[in-house]
Protein chains: 2
Amino acid sequence: MNHKLCLSTEEIQAKLQASGVQPTLQRIAICKYVLCEADHPNAEQVKEWAEKNLDKISQATVYNTLNTLVEVGLLRIFKFPHSEKVIYDNNVHDHYHFLDESSGNLYDIETKDVSVDMEVPPKFIVNSIEIVLKGQLKAT
Amino acid sequence: MNHKLCLSTEEIQAKLQASGVQPTLQRIAICKYVLCEADHPNAEQVKEWAEKNLDKISQATVYNTLNTLVEVGLLRIFKFPHSEKVIYDNNVHDHYHFLDESSGNLYDIETKDVSVDMEVPPKFIVNSIEIVLKGQLKAT
DNA sequence: ATTATATTTAGAATAGTTCTAATTCTCTAT
DNA sequence: ATAGAGAATTAGAACTATTCTAAATATAAT
């Protein structure tokens with residue numbers, strides 16, 4: 001499950017404005033998807049959704065909007081070894097990921113559930129840690 | 001510093017043969033670079049080196065060879081968030097990475113220097129862990 | 001030597017993303 | 001309301017990293 005925000009159009013509008021981004025029709029629509037509905041989508045999935053849900057949208061706008069949302073910190077961008085495509089994550093606080101290698105699905109892992117102790121050479125000043133756990137889901 | 005192997009032409013030949021790979025001129029040359037000299041190179045860097053050190057080499061051969069070496073386990077492939085390009089790692093046992101965000105350089109981190117304790121939901125069966133530490137090198 | 005198989009090659013093709021420059025929208029000041 | 005300025009959107013071209021194609025060449029096995 002992703003970090004669902006369940007925002008109304010007005011809340012999205014406010015969020016964009018607070019971030020200094022003009023709340024255009026296209027941007028609000030894309031936010032509805034990437035902030036509320038989608039779970040680690042890639043640009044293609046966002047484009048497909050937008051094409052279904054808007055009269056008219058260009059590929060460039062989808063990419064522009066996603067890049068803008070990343071710039072203002074409403075979205076985070078990740079790239080994983082199993083796919084060429086960048087994915088967008090509406091969970092913008094620190095967290096790790098679990099990759100289900102059978103389905104390619106990603107799951108968020110809370111940083112508090114993983115403790116990391118390092119004894120790395122002192123010349124390395126570590127600012128952030130990225131962790132991807134890989135495996136499968138237990139058959140039920 | 002990378003995991004330098006310092007192999008002679010004969011040793012490389014033997015290694016390829018042992019892996020069931022025909023030791024062609026091009027493959028031996030590329031191995032010299034990626035197994036002995038290079039430090040986390042990408043395909044472009046391998047191609048540049050090969051073009052300098054061989055009479056004639058095609059891009060396709062560089063990619064074919066690198067893919068073959070990955071297939072037989074002489075090389076590992078990694079993709080990092082800071083670059084579009086895949087990198088090749090001659091350190092084929094488990095390890096983590098430190099990314100110097102100022103230079104883009106990668107350093108290997110031994111798994112023994114990092115202890116990871118997880119308390120993740122039981123539905124996740126974890127087979128492997130990928131860790132990238134990001135930061136800078138201490139100014140000397 | 002001959003043949004079969006594997007490798008290499010040049011160049012085309014592909015995938016994902018960004019760029020370009022023209023058009024349209026939105027906001028503010030009148 | 002309306003003009004003008006600046007921002008956003010658009011279609012399509014361009015770009016980058018990698019893979020594919022089909023022909024040529026090399027290597028290995030008979």
# chains A, B, ... in the order shown; residues from 1 in each chain; ligands from 1
$ select_by_dssp --residues "chain A" --states "alpha helix (DSSP H)" --output "ChimeraX atom specification"
/A:9-18,25-31,43-53,59-71
$ closest_atom_pairs --of "chain B" --to "chain D" --cutoff "9 Å" --atoms "only C-alpha atoms (C1' of nucleotides)" --output "Markdown table"
| residue | atom | partner | partner_atom | distance |
| --- | --- | --- | --- | --- |
| B:Ala60 | CA | D:DT19 | C1' | 8.5 |
| B:Tyr63 | CA | D:DT18 | C1' | 8.1 |
| B:Glu84 | CA | D:DA17 | C1' | 7.5 |
| B:Lys85 | CA | D:DA17 | C1' | 6.8 |
| B:Val86 | CA | D:DA17 | C1' | 8.8 |
$ interface_residues --of "chain B" --to "chain C" --cutoff "10 Å" --atoms "only C-alpha atoms (C1' of nucleotides)" --output "PyMOL selection string"
chain B and resi 22+24+26+56-61+64
$ interface_residues --of "chain B" --to "chain A" --cutoff "8 Å" --atoms "only C-alpha atoms" --output "short mmCIF file (atom, residue, chain, number, x, y, z; two decimals) with N, CA and C atoms, in the first residue's frame"
data_model
loop_
_atom_site.label_atom_id
_atom_site.label_comp_id
_atom_site.auth_asym_id
_atom_site.auth_seq_id
_atom_site.Cartn_x
_atom_site.Cartn_y
_atom_site.Cartn_z
N PHE B 78 25.40 -2.72 -12.09
CA PHE B 78 24.68 -1.89 -11.14
C PHE B 78 24.14 -0.65 -11.83
N LYS B 79 23.04 -0.17 -11.30
CA LYS B 79 22.53 1.11 -11.80
C LYS B 79 22.31 2.01 -10.60
N PHE B 80 22.78 3.24 -10.70
CA PHE B 80 22.67 4.15 -9.57
C PHE B 80 21.85 5.37 -9.94
N PRO B 81 21.29 5.98 -8.91
CA PRO B 81 20.36 7.08 -9.18
C PRO B 81 21.01 8.28 -9.85
N PHE B 98 29.50 3.13 -1.64
CA PHE B 98 29.45 4.53 -1.19
C PHE B 98 29.58 5.39 -2.43
N ILE B 109 31.99 -0.95 -0.32
CA ILE B 109 31.92 -1.07 1.13
C ILE B 109 31.70 -2.54 1.45
N ASP B 113 31.29 -4.49 7.26
CA ASP B 113 31.41 -3.19 7.93
C ASP B 113 30.06 -2.52 8.19
N VAL B 114 29.01 -3.18 7.74
CA VAL B 114 27.67 -2.62 7.92
C VAL B 114 26.78 -3.70 8.50
N SER B 115 26.18 -3.45 9.63
CA SER B 115 25.25 -4.44 10.16
C SER B 115 23.82 -3.92 10.02
N VAL B 116 23.00 -4.77 9.51
CA VAL B 116 21.62 -4.39 9.22
C VAL B 116 20.69 -5.30 9.99
N ASP B 117 19.81 -4.71 10.79
CA ASP B 117 18.81 -5.48 11.52
C ASP B 117 17.44 -5.06 11.07
N MET B 118 16.63 -6.03 10.69
CA MET B 118 15.33 -5.67 10.15
C MET B 118 14.18 -6.28 10.94
N GLU B 119 13.13 -5.52 10.97
CA GLU B 119 11.89 -5.96 11.62
C GLU B 119 10.78 -5.65 10.62
N VAL B 120 10.88 -6.29 9.46
CA VAL B 120 9.91 -5.96 8.41
C VAL B 120 8.74 -6.93 8.47
N PRO B 122 6.16 -9.77 8.07
CA PRO B 122 6.53 -11.16 7.74
C PRO B 122 6.19 -11.58 6.32
N LYS B 123 5.31 -10.83 5.68
CA LYS B 123 4.99 -11.21 4.30
C LYS B 123 6.16 -10.98 3.34
N PHE B 124 7.13 -10.18 3.77
CA PHE B 124 8.29 -9.92 2.92
C PHE B 124 9.38 -10.95 3.16
N ILE B 125 9.68 -11.74 2.15
CA ILE B 125 10.81 -12.67 2.25
C ILE B 125 12.00 -12.02 1.56
N VAL B 126 12.98 -11.66 2.34
CA VAL B 126 14.11 -10.88 1.83
C VAL B 126 15.23 -11.82 1.38
N ASN B 127 15.58 -11.72 0.12
CA ASN B 127 16.67 -12.55 -0.40
C ASN B 127 17.99 -11.81 -0.46
N SER B 128 17.93 -10.51 -0.71
CA SER B 128 19.18 -9.75 -0.80
C SER B 128 18.92 -8.30 -0.42
N ILE B 129 19.99 -7.65 -0.05
CA ILE B 129 19.91 -6.27 0.42
C ILE B 129 20.86 -5.44 -0.41
N GLU B 130 20.36 -4.32 -0.92
CA GLU B 130 21.21 -3.42 -1.67
C GLU B 130 21.32 -2.11 -0.90
N ILE B 131 22.54 -1.70 -0.65
CA ILE B 131 22.73 -0.48 0.12
C ILE B 131 23.65 0.47 -0.63
N VAL B 132 23.21 1.71 -0.75
CA VAL B 132 24.08 2.76 -1.28
C VAL B 132 24.15 3.87 -0.24
N LEU B 133 25.34 4.11 0.24
CA LEU B 133 25.57 5.24 1.14
C LEU B 133 25.92 6.43 0.26
N LYS B 134 25.33 7.56 0.54
CA LYS B 134 25.65 8.74 -0.25
C LYS B 134 26.23 9.83 0.63
N GLY B 135 27.19 10.55 0.10
CA GLY B 135 27.81 11.61 0.88
C GLY B 135 29.01 12.18 0.17
N GLN B 136 29.98 12.66 0.93
CA GLN B 136 31.22 13.16 0.33
C GLN B 136 32.41 12.53 1.03
N LEU B 137 33.57 12.75 0.41
CA LEU B 137 34.81 12.33 1.04
C LEU B 137 35.25 13.46 1.97
N LYS B 138 35.80 13.08 3.09
CA LYS B 138 36.32 14.08 4.02
C LYS B 138 37.47 14.82 3.34
N ALA B 139 37.44 16.15 3.43
CA ALA B 139 38.56 16.93 2.90
C ALA B 139 39.79 16.61 3.73
#
$ closest_residue --among "A:Lys47, A:Asn91, A:Tyr33, A:Val72" --to "Gln17 of chain A" --atoms "only C-alpha atoms"
A:Val72
$ atom_distance --atom1 "atom CA of Asp89 of chain B" --atom2 "atom CA of Gly20 of chain B"
20.1 Å
$ select_by_dssp --residues "chain B" --states "strand (DSSP E)" --output "PyMOL selection string"
chain B and resi 76-79+86-89+95-100+106-110+114-118+124-137
$ write_last_selection --atoms "N, CA and C atoms" --output "mmCIF file, in the first residue's frame"
data_model
loop_
_atom_site.group_PDB
_atom_site.id
_atom_site.type_symbol
_atom_site.label_atom_id
_atom_site.label_comp_id
_atom_site.auth_asym_id
_atom_site.auth_seq_id
_atom_site.Cartn_x
_atom_site.Cartn_y
_atom_site.Cartn_z
ATOM 1 N N ARG B 76 29.564 -7.820 -12.342
ATOM 2 C CA ARG B 76 28.213 -7.515 -11.896
ATOM 3 C C ARG B 76 27.804 -6.170 -12.446
ATOM 4 N N ILE B 77 26.525 -6.007 -12.587
ATOM 5 C CA ILE B 77 25.992 -4.810 -13.187
ATOM 6 C C ILE B 77 25.254 -4.042 -12.100
ATOM 7 N N PHE B 78 25.404 -2.720 -12.091
ATOM 8 C CA PHE B 78 24.677 -1.893 -11.138
ATOM 9 C C PHE B 78 24.135 -0.655 -11.827
ATOM 10 N N LYS B 79 23.037 -0.173 -11.297
ATOM 11 C CA LYS B 79 22.531 1.106 -11.796
ATOM 12 C C LYS B 79 22.306 2.014 -10.603
ATOM 13 N N VAL B 86 24.543 2.272 -16.875
ATOM 14 C CA VAL B 86 24.842 1.084 -16.097
ATOM 15 C C VAL B 86 26.341 1.064 -15.790
ATOM 16 N N ILE B 87 26.728 0.585 -14.620
ATOM 17 C CA ILE B 87 28.163 0.432 -14.381
ATOM 18 C C ILE B 87 28.479 -1.044 -14.132
ATOM 19 N N TYR B 88 29.729 -1.397 -14.417
ATOM 20 C CA TYR B 88 30.174 -2.781 -14.308
ATOM 21 C C TYR B 88 31.152 -2.890 -13.151
ATOM 22 N N ASP B 89 30.959 -3.914 -12.348
ATOM 23 C CA ASP B 89 31.745 -4.065 -11.133
ATOM 24 C C ASP B 89 32.438 -5.422 -11.141
ATOM 25 N N HIS B 95 28.546 -6.943 -1.709
ATOM 26 C CA HIS B 95 29.097 -5.744 -1.081
ATOM 27 C C HIS B 95 28.156 -4.575 -1.317
ATOM 28 N N TYR B 96 28.407 -3.502 -0.600
ATOM 29 C CA TYR B 96 27.591 -2.301 -0.748
ATOM 30 C C TYR B 96 28.426 -1.219 -1.420
ATOM 31 N N HIS B 97 27.842 -0.043 -1.583
ATOM 32 C CA HIS B 97 28.577 1.047 -2.244
ATOM 33 C C HIS B 97 28.452 2.368 -1.502
ATOM 34 N N PHE B 98 29.500 3.133 -1.636
ATOM 35 C CA PHE B 98 29.453 4.526 -1.188
ATOM 36 C C PHE B 98 29.576 5.393 -2.429
ATOM 37 N N LEU B 99 28.632 6.324 -2.597
ATOM 38 C CA LEU B 99 28.669 7.241 -3.737
ATOM 39 C C LEU B 99 29.108 8.616 -3.265
ATOM 40 N N ASP B 100 30.239 9.070 -3.794
ATOM 41 C CA ASP B 100 30.684 10.438 -3.524
ATOM 42 C C ASP B 100 29.879 11.360 -4.434
ATOM 43 N N LEU B 106 32.390 5.969 -7.171
ATOM 44 C CA LEU B 106 31.840 4.906 -6.332
ATOM 45 C C LEU B 106 32.950 4.182 -5.594
ATOM 46 N N TYR B 107 32.662 3.788 -4.370
ATOM 47 C CA TYR B 107 33.620 3.015 -3.580
ATOM 48 C C TYR B 107 32.905 1.800 -3.028
ATOM 49 N N ASP B 108 33.607 0.688 -3.006
ATOM 50 C CA ASP B 108 33.016 -0.517 -2.436
ATOM 51 C C ASP B 108 33.038 -0.450 -0.919
ATOM 52 N N ILE B 109 31.991 -0.949 -0.319
ATOM 53 C CA ILE B 109 31.920 -1.071 1.135
ATOM 54 C C ILE B 109 31.703 -2.543 1.446
ATOM 55 N N GLU B 110 32.526 -3.079 2.294
ATOM 56 C CA GLU B 110 32.397 -4.499 2.656
ATOM 57 C C GLU B 110 31.118 -4.718 3.453
ATOM 58 N N VAL B 114 29.010 -3.176 7.736
ATOM 59 C CA VAL B 114 27.671 -2.618 7.916
ATOM 60 C C VAL B 114 26.779 -3.704 8.504
ATOM 61 N N SER B 115 26.183 -3.450 9.631
ATOM 62 C CA SER B 115 25.251 -4.443 10.165
ATOM 63 C C SER B 115 23.824 -3.921 10.023
ATOM 64 N N VAL B 116 22.996 -4.770 9.506
ATOM 65 C CA VAL B 116 21.617 -4.387 9.219
ATOM 66 C C VAL B 116 20.685 -5.302 9.990
ATOM 67 N N ASP B 117 19.814 -4.711 10.788
ATOM 68 C CA ASP B 117 18.813 -5.485 11.522
ATOM 69 C C ASP B 117 17.444 -5.062 11.071
ATOM 70 N N MET B 118 16.631 -6.030 10.690
ATOM 71 C CA MET B 118 15.325 -5.675 10.151
ATOM 72 C C MET B 118 14.181 -6.279 10.941
ATOM 73 N N PHE B 124 7.133 -10.179 3.772
ATOM 74 C CA PHE B 124 8.293 -9.921 2.921
ATOM 75 C C PHE B 124 9.385 -10.952 3.163
ATOM 76 N N ILE B 125 9.682 -11.739 2.153
ATOM 77 C CA ILE B 125 10.806 -12.673 2.245
ATOM 78 C C ILE B 125 12.001 -12.021 1.564
ATOM 79 N N VAL B 126 12.979 -11.655 2.341
ATOM 80 C CA VAL B 126 14.112 -10.880 1.828
ATOM 81 C C VAL B 126 15.225 -11.818 1.379
ATOM 82 N N ASN B 127 15.579 -11.720 0.119
ATOM 83 C CA ASN B 127 16.670 -12.549 -0.402
ATOM 84 C C ASN B 127 17.995 -11.812 -0.457
ATOM 85 N N SER B 128 17.931 -10.511 -0.708
ATOM 86 C CA SER B 128 19.176 -9.751 -0.801
ATOM 87 C C SER B 128 18.921 -8.304 -0.418
ATOM 88 N N ILE B 129 19.991 -7.655 -0.052
ATOM 89 C CA ILE B 129 19.910 -6.272 0.416
ATOM 90 C C ILE B 129 20.859 -5.436 -0.412
ATOM 91 N N GLU B 130 20.356 -4.323 -0.919
ATOM 92 C CA GLU B 130 21.213 -3.420 -1.667
ATOM 93 C C GLU B 130 21.320 -2.115 -0.902
ATOM 94 N N ILE B 131 22.535 -1.704 -0.652
ATOM 95 C CA ILE B 131 22.726 -0.476 0.118
ATOM 96 C C ILE B 131 23.650 0.470 -0.627
ATOM 97 N N VAL B 132 23.210 1.708 -0.754
ATOM 98 C CA VAL B 132 24.076 2.762 -1.281
ATOM 99 C C VAL B 132 24.147 3.867 -0.238
ATOM 100 N N LEU B 133 25.341 4.109 0.241
ATOM 101 C CA LEU B 133 25.571 5.238 1.138
ATOM 102 C C LEU B 133 25.920 6.429 0.261
ATOM 103 N N LYS B 134 25.326 7.565 0.540
ATOM 104 C CA LYS B 134 25.653 8.744 -0.255
ATOM 105 C C LYS B 134 26.231 9.833 0.632
ATOM 106 N N GLY B 135 27.192 10.549 0.097
ATOM 107 C CA GLY B 135 27.806 11.612 0.877
ATOM 108 C C GLY B 135 29.011 12.179 0.171
ATOM 109 N N GLN B 136 29.975 12.656 0.933
ATOM 110 C CA GLN B 136 31.215 13.155 0.327
ATOM 111 C C GLN B 136 32.412 12.534 1.030
ATOM 112 N N LEU B 137 33.568 12.748 0.412
ATOM 113 C CA LEU B 137 34.811 12.335 1.040
ATOM 114 C C LEU B 137 35.251 13.455 1.968
#
$ residues_around --residues "Gln45 of chain B" --least-positions-apart "4" --cutoff "10 Å" --atoms "only C-alpha atoms (C1' of nucleotides)" --output "tab-separated table (two decimals) with N, CA and C atoms, in the first residue's frame"
chain	number	residue	atom	x	y	z
B	33	TYR	N	40.84	-4.73	-19.23
B	33	TYR	CA	40.41	-3.44	-18.69
B	33	TYR	C	39.42	-3.61	-17.54
B	34	VAL	N	38.33	-4.32	-17.78
B	34	VAL	CA	37.27	-4.33	-16.77
B	34	VAL	C	37.59	-5.19	-15.54
B	38	ALA	N	40.08	-1.09	-14.61
B	38	ALA	CA	39.01	-0.10	-14.44
B	38	ALA	C	38.39	-0.14	-13.06
B	40	HIS	N	34.74	0.54	-11.62
B	40	HIS	CA	33.32	0.83	-11.85
B	40	HIS	C	33.07	1.58	-13.15
B	41	PRO	N	33.59	1.08	-14.26
B	41	PRO	CA	33.40	1.80	-15.53
B	41	PRO	C	32.00	1.61	-16.08
B	49	TRP	N	38.21	3.02	-23.99
B	49	TRP	CA	39.46	2.31	-23.74
B	49	TRP	C	39.74	1.34	-24.89
B	50	ALA	N	38.71	0.60	-25.28
B	50	ALA	CA	38.89	-0.42	-26.31
B	50	ALA	C	39.28	0.22	-27.65
B	51	GLU	N	38.69	1.36	-27.94
B	51	GLU	CA	39.02	2.03	-29.21
B	51	GLU	C	40.47	2.51	-29.22
B	87	ILE	N	26.73	0.58	-14.62
B	87	ILE	CA	28.16	0.43	-14.38
B	87	ILE	C	28.48	-1.04	-14.13
$ atom_distance --atom1 "atom CA of Gln13 of chain A" --atom2 "atom CA of Ala29 of chain A"
10.1 Å
